[in-house]
2 protein chains.
Amino acid sequence: MSGEGREQGNRALLADVARLSGVSEITVSRVVRNKGPIAPATRERVLRAVAETGYVPNRLAGALASSGSALVGVVLPSVSNIVFADVLRGIHAALAPSGHQPVVGVTDYDRDEEERVVRSLLAWQPAAMILAGFEHTAATRAMLTAGRLRVAEIMDIDTAPIDVAVGLSHRRAGRDIARHLIGRGYRRFAYVGHDWDRDHRARLRYDGLVGTLAEGGLALVGERRIEGPSSTLAGREMLAALMASGARPDVVVFSNDDMAVGGYFHCLAAGLTPRRDIALFGFNGLDIAAALPLRLSTVRTNRMLIGERAAAALVASAERPDAREIIDTGYVLEAGETA
Amino acid sequence: MSGEGREQGNRALLADVARLSGVSEITVSRVVRNKGPIAPATRERVLRAVAETGYVPNRLAGALASSGSALVGVVLPSVSNIVFADVLRGIHAALAPSGHQPVVGVTDYDRDEEERVVRSLLAWQPAAMILAGFEHTAATRAMLTAGRLRVAEIMDIDTAPIDVAVGLSHRRAGRDIARHLIGRGYRRFAYVGHDWDRDHRARLRYDGLVGTLAEGGLALVGERRIEGPSSTLAGREMLAALMASGARPDVVVFSNDDMAVGGYFHCLAAGLTPRRDIALFGFNGLDIAAALPLRLSTVRTNRMLIGERAAAALVASAERPDAREIIDTGYVLEAGETA
DNA sequence: CTGTTAGCGCGTTCAC
DNA sequence: GTGAACGCGCTAACAG
């Protein structure tokens, strides 16, 4: 019933395949990894045995022996946020061809939690690490700087990275939004946003926006920020509150599309027509923004590309280069129909 | 400059900590893992040395030695879908306390890709595996059945699982939706949906819906399905097409909230008032559904709970029990304001 | 309570 | 083109 071979339940080992194909373990290892010269006949015999035994290499052992795992640590503030989900898709896509596996840690926008997550991911000896943002605890930075491992800090290129930065300039995007809207004739700007502690990039955009307004002799006529994450509901409520306060903006810039869509909903409920009665501007270019009755005016960011470029840059070379690298994935201002 | 101790760059090893604290490696190992009896004084000495060296255990080596990793494979069709992102959050939350790490693979709704992903995750010797859905290739099923590893199939409890199933009965949900709407007086039902190949659960809901309608002597007066994933835009376009076809439904049941929100947008653009002119019903209970000017009528599913319960069930026992387990996380029908 | 011995399964040297 | 020996860093099983 259970001969000398492996039956289901006992995983096949390199040694099993070797025995079955009449070669040494190392030869099997070479065939499996496509490494080193192998006689075609040998290769075929080995592959047959692999199929027969259902051999699956133990990557744990492989990584330990070669002291280099194919794991890539990915540290994100959240996965429920479509923005980071898109980034993750990009990372996946770029990592798959080279056989790398992303291992994801979630920080919930908490720097201390990030430190714990980084420490725990480091224990898997990852080949590289991808983190969203640049705001780390001193300990996190030390862990990341110490080793020779590659590190990508993504989303943002407004800060100097440890190794490589991939993303877009949020400050510049904020300025472009201001210029665009001023160019369209808007003068009475209001801002509706969410928690800057959790989302430093929203703050950078705000700074760019307000800075450029100031250069044009303008200032916000109203402003509302919620102490919490962005959401459609928050956007709706904050715009309602802003309008109730008596502010009479001709355009409202939201911290992102989620908030802006909420603002759109407030308009619908309050009988206001976007643009005609009040202009709305978002950020991110989510799918839903394009499906609204009036296409939302927004800035489309290339989230998936950010993930792809980051992963590609890290996989390209195992050694951290001397010079830091900055990869700008850009953005596109979508004029839309709400501003 | 670089004494006998480890400087930054060279990771500290168990041996380094052992030397520094004057005990054996295994003692350090025990302290670090909180395993076995240790004299308080020894523990303290070791912990000091750990802190001093910045020792981070190599989990790769640990897992190999104990032939049992703390990795949990998670196979999802997509991470950009908020539904699975929520599930992933739940998994994270339930896994963190026990030190388990999820390793995520994405299949893009492709069974062959799922097979590749499962094979590749298995190579990391995971302690358990969580997969969305029950539709696997024969090879995938074989790999999953063979080992002694724990397997959770989630989202759905309408099919017999390999080991444990966690989710809700989509067929039953479909029936409840039909009963609820019939009870509210609707008679002319239409359906707007997306790809059943990619989303088998949508099909189950449809079956429940149509089956219950039939029992009441009713049939769909119109139906539209897009060959592709669900999206707000698709929902909008499909409802537009349905109405253009001349169907005159009094209620439209959508395959999910994304589609239903799109339908809502079509109504806005076409000057129709939801419920008064045409009733809309979704599925999932996304945040956005509650932020619409009229709260979307829908079924709220406990996605995060699904992830939590699945992870908890797997961590609870390393050995697969004899009996299959079915965990029903239920759902709540939200009457809302659109139906 | 602590230490010794012997691997975990594979990949890196070198040889041949 | 192929193989033998050794070690990756840690932990299970025993002793003591």
# chains A, B, ... in the order shown; residues from 1 in each chain; ligands from 1
>>> residues_around(residues="Val23 in chain A", least_positions_apart="3", cutoff="10 Å", atoms="only C-alpha atoms (C1' of nucleotides)", output="ChimeraX atom specification")
/A:15,17-20,26-28,42,45-46 /D:2-3
>>> write_last_selection(atoms="C-alpha atoms (C1' of nucleotides)", output="PDB file, in the first residue's frame")
ATOM      1  CA  ALA A  15      15.665  13.311  -2.032  1.00  0.00           C
ATOM      2  CA  VAL A  17      12.680  12.966  -6.599  1.00  0.00           C
ATOM      3  CA  ALA A  18      16.412  12.274  -6.787  1.00  0.00           C
ATOM      4  CA  ARG A  19      15.960   8.626  -5.906  1.00  0.00           C
ATOM      5  CA  LEU A  20      13.137   8.179  -8.370  1.00  0.00           C
ATOM      6  CA  ILE A  26      21.637  18.775  -6.344  1.00  0.00           C
ATOM      7  CA  THR A  27      20.849  17.858  -9.918  1.00  0.00           C
ATOM      8  CA  VAL A  28      17.177  17.863  -9.165  1.00  0.00           C
ATOM      9  CA  THR A  42      18.519  14.262 -17.402  1.00  0.00           C
ATOM     10  CA  ARG A  45      13.839  12.380 -16.429  1.00  0.00           C
ATOM     11  CA  VAL A  46      13.876  14.666 -13.432  1.00  0.00           C
TER      12      VAL A  46
ATOM     13  C1'  DT D   2      27.296  15.890 -12.258  1.00  0.00           C
ATOM     14  C1'  DG D   3      28.171  14.955  -7.316  1.00  0.00           C
TER      15       DG D   3
END
>>> residues_around(residues="Asp86 in chain B", least_positions_apart="6", cutoff="6 Å", atoms="only C-alpha atoms (C1' of nucleotides)", output="ChimeraX atom specification")
/A:80 /B:303-304
>>> select_by_dssp(residues="range 131-215 of chain A", states="strand (DSSP E)", output="PyMOL selection string")
chain A and resi 131-132+150-156+164-168+189-193
>>> closest_residue(among="B:Gly217, B:Gly185, B:Ala339, B:Gly174", to="Val252 in chain B", atoms="only C-alpha atoms")
B:Ala339
>>> residues_around(residues="Ala127 in chain B", least_positions_apart="4", cutoff="10 Å", atoms="only C-alpha atoms (C1' of nucleotides)", output="JSON list (two decimals) with C-alpha atoms, in the first residue's frame")
[["chain", "number", "residue", "atom", "x", "y", "z"],
["B", 67, "SER", "CA", 8.73, 22.22, 10.61],
["B", 68, "GLY", "CA", 5.77, 24.51, 11.02],
["B", 69, "SER", "CA", 5.63, 28.05, 9.82],
["B", 70, "ALA", "CA", 3.39, 30.78, 11.15],
["B", 71, "LEU", "CA", 2.44, 31.75, 7.64],
["B", 72, "VAL", "CA", -1.16, 31.57, 6.53],
["B", 73, "GLY", "CA", -1.84, 31.53, 2.81],
["B", 100, "HIS", "CA", 0.71, 34.48, 12.33],
["B", 101, "GLN", "CA", 1.43, 36.27, 9.09],
["B", 122, "LEU", "CA", 2.23, 25.89, -0.41],
["B", 148, "ARG", "CA", -2.89, 17.77, 6.95],
["B", 149, "LEU", "CA", -3.01, 21.53, 6.71],
["B", 150, "ARG", "CA", -6.12, 23.43, 7.69],
["B", 151, "VAL", "CA", -8.18, 24.92, 4.90],
["B", 314, "LEU", "CA", -7.86, 27.71, 11.65],
["B", 315, "VAL", "CA", -5.62, 28.98, 14.41],
["B", 318, "ALA", "CA", -3.46, 22.81, 13.90],
["B", 319, "GLU", "CA", -5.01, 19.48, 13.07]]
>>> interface_residues(of="chain B", to="chain D", cutoff="9 Å", atoms="only C-alpha atoms (C1' of nucleotides)", output="compact mmCIF listing (two decimals) with C-alpha atoms, in the first residue's frame")
# COMPACT_ATOMS: atom_id res chain seq x y z
CA LEU B 13 22.28 35.79 15.71
CA LEU B 14 21.04 33.63 18.50
CA ILE B 26 18.52 27.20 23.36
CA SER B 29 15.54 30.74 22.10
CA PRO B 57 14.84 36.05 15.21
CA ASN B 58 15.06 34.49 11.77
CA ARG B 59 11.59 33.06 11.34
CA LEU B 60 12.69 31.21 8.24
CA ALA B 61 15.13 29.15 10.22
CA GLY B 62 12.71 28.80 13.07
CA ALA B 63 9.97 27.50 10.86
CA LEU B 64 12.31 25.07 9.18
CA ALA B 65 13.60 23.70 12.44
CA SER B 66 10.18 23.26 13.96
>>> residues_around(residues="Asn256 in chain B", least_positions_apart="6", cutoff="8 Å", atoms="only C-alpha atoms (C1' of nucleotides)", output="PyMOL selection string")
chain B and resi 193+202+230+282-284
>>> write_last_selection(atoms="C-alpha atoms", output="PDB file, in the first residue's frame")
ATOM      1  CA  GLY B 193     -25.950  41.783 -12.934  1.00  0.00           C
ATOM      2  CA  ALA B 202     -23.993  36.350  -7.521  1.00  0.00           C
ATOM      3  CA  SER B 230     -19.165  44.588 -11.530  1.00  0.00           C
ATOM      4  CA  GLY B 282     -28.346  46.046  -3.999  1.00  0.00           C
ATOM      5  CA  PHE B 283     -26.173  43.604  -2.085  1.00  0.00           C
ATOM      6  CA  ASN B 284     -23.273  43.917   0.373  1.00  0.00           C
TER       7      ASN B 284
END
>>> closest_residue(among="B:Leu204, B:Ala240, B:Val56, B:Ala165", to="chain A", atoms="only C-alpha atoms")
B:Val56
>>> interface_residues(of="chain B", to="chain A", cutoff="6 Å", atoms="only C-alpha atoms", output="PyMOL selection string")
chain B and resi 8-9+57-60+79-80+82+85-86+103+123-124+146-147+233+265+269+291-293
>>> interface_residues(of="chain C", to="chain A", cutoff="6 Å", atoms="only C-alpha atoms (C1' of nucleotides)", output="PyMOL selection string")
chain C and resi 9-11
>>> write_last_selection(atoms="N, CA and C atoms (P, O5', C5', C4', C3', O3' and C1' of nucleotides)", output="CSV table (one decimal), in the first residue's frame")
chain,number,residue,atom,x,y,z
C,9,DG,P,12.2,17.8,6.3
C,9,DG,O5',12.8,18.5,5.1
C,9,DG,C5',12.1,19.7,4.7
C,9,DG,C4',13.1,20.5,3.7
C,9,DG,C3',13.5,19.7,2.5
C,9,DG,O3',13.0,20.4,1.4
C,9,DG,C1',15.3,20.7,3.5
C,10,DC,P,13.4,20.0,-0.1
C,10,DC,O5',14.7,21.0,-0.4
C,10,DC,C5',14.4,22.4,-0.4
C,10,DC,C4',15.7,23.1,-0.2
C,10,DC,C3',16.6,23.2,-1.4
C,10,DC,O3',16.5,24.4,-2.0
C,10,DC,C1',17.8,22.8,0.6
C,11,DG,P,17.1,24.8,-3.4
C,11,DG,O5',18.6,25.4,-3.1
C,11,DG,C5',18.6,26.6,-2.4
C,11,DG,C4',20.0,27.1,-2.1
C,11,DG,C3',20.9,27.2,-3.4
C,11,DG,O3',21.8,28.3,-3.1
C,11,DG,C1',21.8,25.5,-1.9
>>> atom_distance(atom1="CA of Tyr191 in chain A", atom2="CA of Val253 in chain A")
4.9 Å
>>> residues_around(residues="Tyr186 in chain A", least_positions_apart="2", cutoff="7 Å", atoms="only C-alpha atoms (C1' of nucleotides)", output="list in words")
Leu181, Ile182, Arg184, Arg188, Asp250 and Val251 of chain A
>>> residues_around(residues="range 1-5 of chain C", least_positions_apart="6", cutoff="7 Å", atoms="only C-alpha atoms (C1' of nucleotides)", output="MDAnalysis selection string")
chainID B and resid 24 37:39
>>> write_last_selection(atoms="N, CA and C atoms", output="compact mmCIF listing (two decimals), in the first residue's frame")
# COMPACT_ATOMS: atom_id res chain seq x y z
N SER B 24 23.26 29.34 26.97
CA SER B 24 23.30 28.62 25.69
C SER B 24 22.25 29.16 24.73
N PRO B 37 10.21 26.74 31.10
CA PRO B 37 10.49 27.46 32.35
C PRO B 37 11.86 28.12 32.29
N ILE B 38 11.93 29.37 32.68
CA ILE B 38 13.19 30.12 32.68
C ILE B 38 13.29 30.86 34.01
N ALA B 39 14.47 30.84 34.61
CA ALA B 39 14.67 31.58 35.85
C ALA B 39 14.56 33.07 35.55
>>> residues_around(residues="Ala160 in chain A", least_positions_apart="5", cutoff="12 Å", atoms="only C-alpha atoms (C1' of nucleotides)", output="PyMOL selection string")
chain A and resi 133-135+152-154+165-166+169+323-327
>>> select_by_dssp(residues="range 12-186 of chain B", states="helix (DSSP H, G or I)", output="PyMOL selection string")
chain B and resi 14-21+25-33+40-53+59-65+82-98+111-122+138-146+170-183
>>> decode(residues="chain C", atoms="C-alpha atoms (C1' of nucleotides)", output="compact mmCIF listing (two decimals), in the first residue's frame")
# COMPACT_ATOMS: atom_id res chain seq x y z
C1' DC C 1 15.75 25.12 35.25
C1' DT C 2 19.48 24.51 31.64
C1' DG C 3 22.44 22.34 28.17
C1' DT C 4 23.80 18.74 24.45
C1' DT C 5 23.05 16.53 20.27
C1' DA C 6 21.05 16.17 16.03
C1' DG C 7 18.67 17.50 12.52
C1' DC C 8 14.77 20.63 9.48
C1' DG C 9 15.35 20.68 3.52
C1' DC C 10 17.84 22.81 0.62
C1' DG C 11 21.83 25.54 -1.95
C1' DT C 12 26.72 26.81 -2.05
C1' DT C 13 31.05 25.63 -2.65
C1' DC C 14 34.24 23.03 -4.51
C1' DA C 15 35.76 18.73 -6.83
C1' DC C 16 35.53 15.34 -10.65
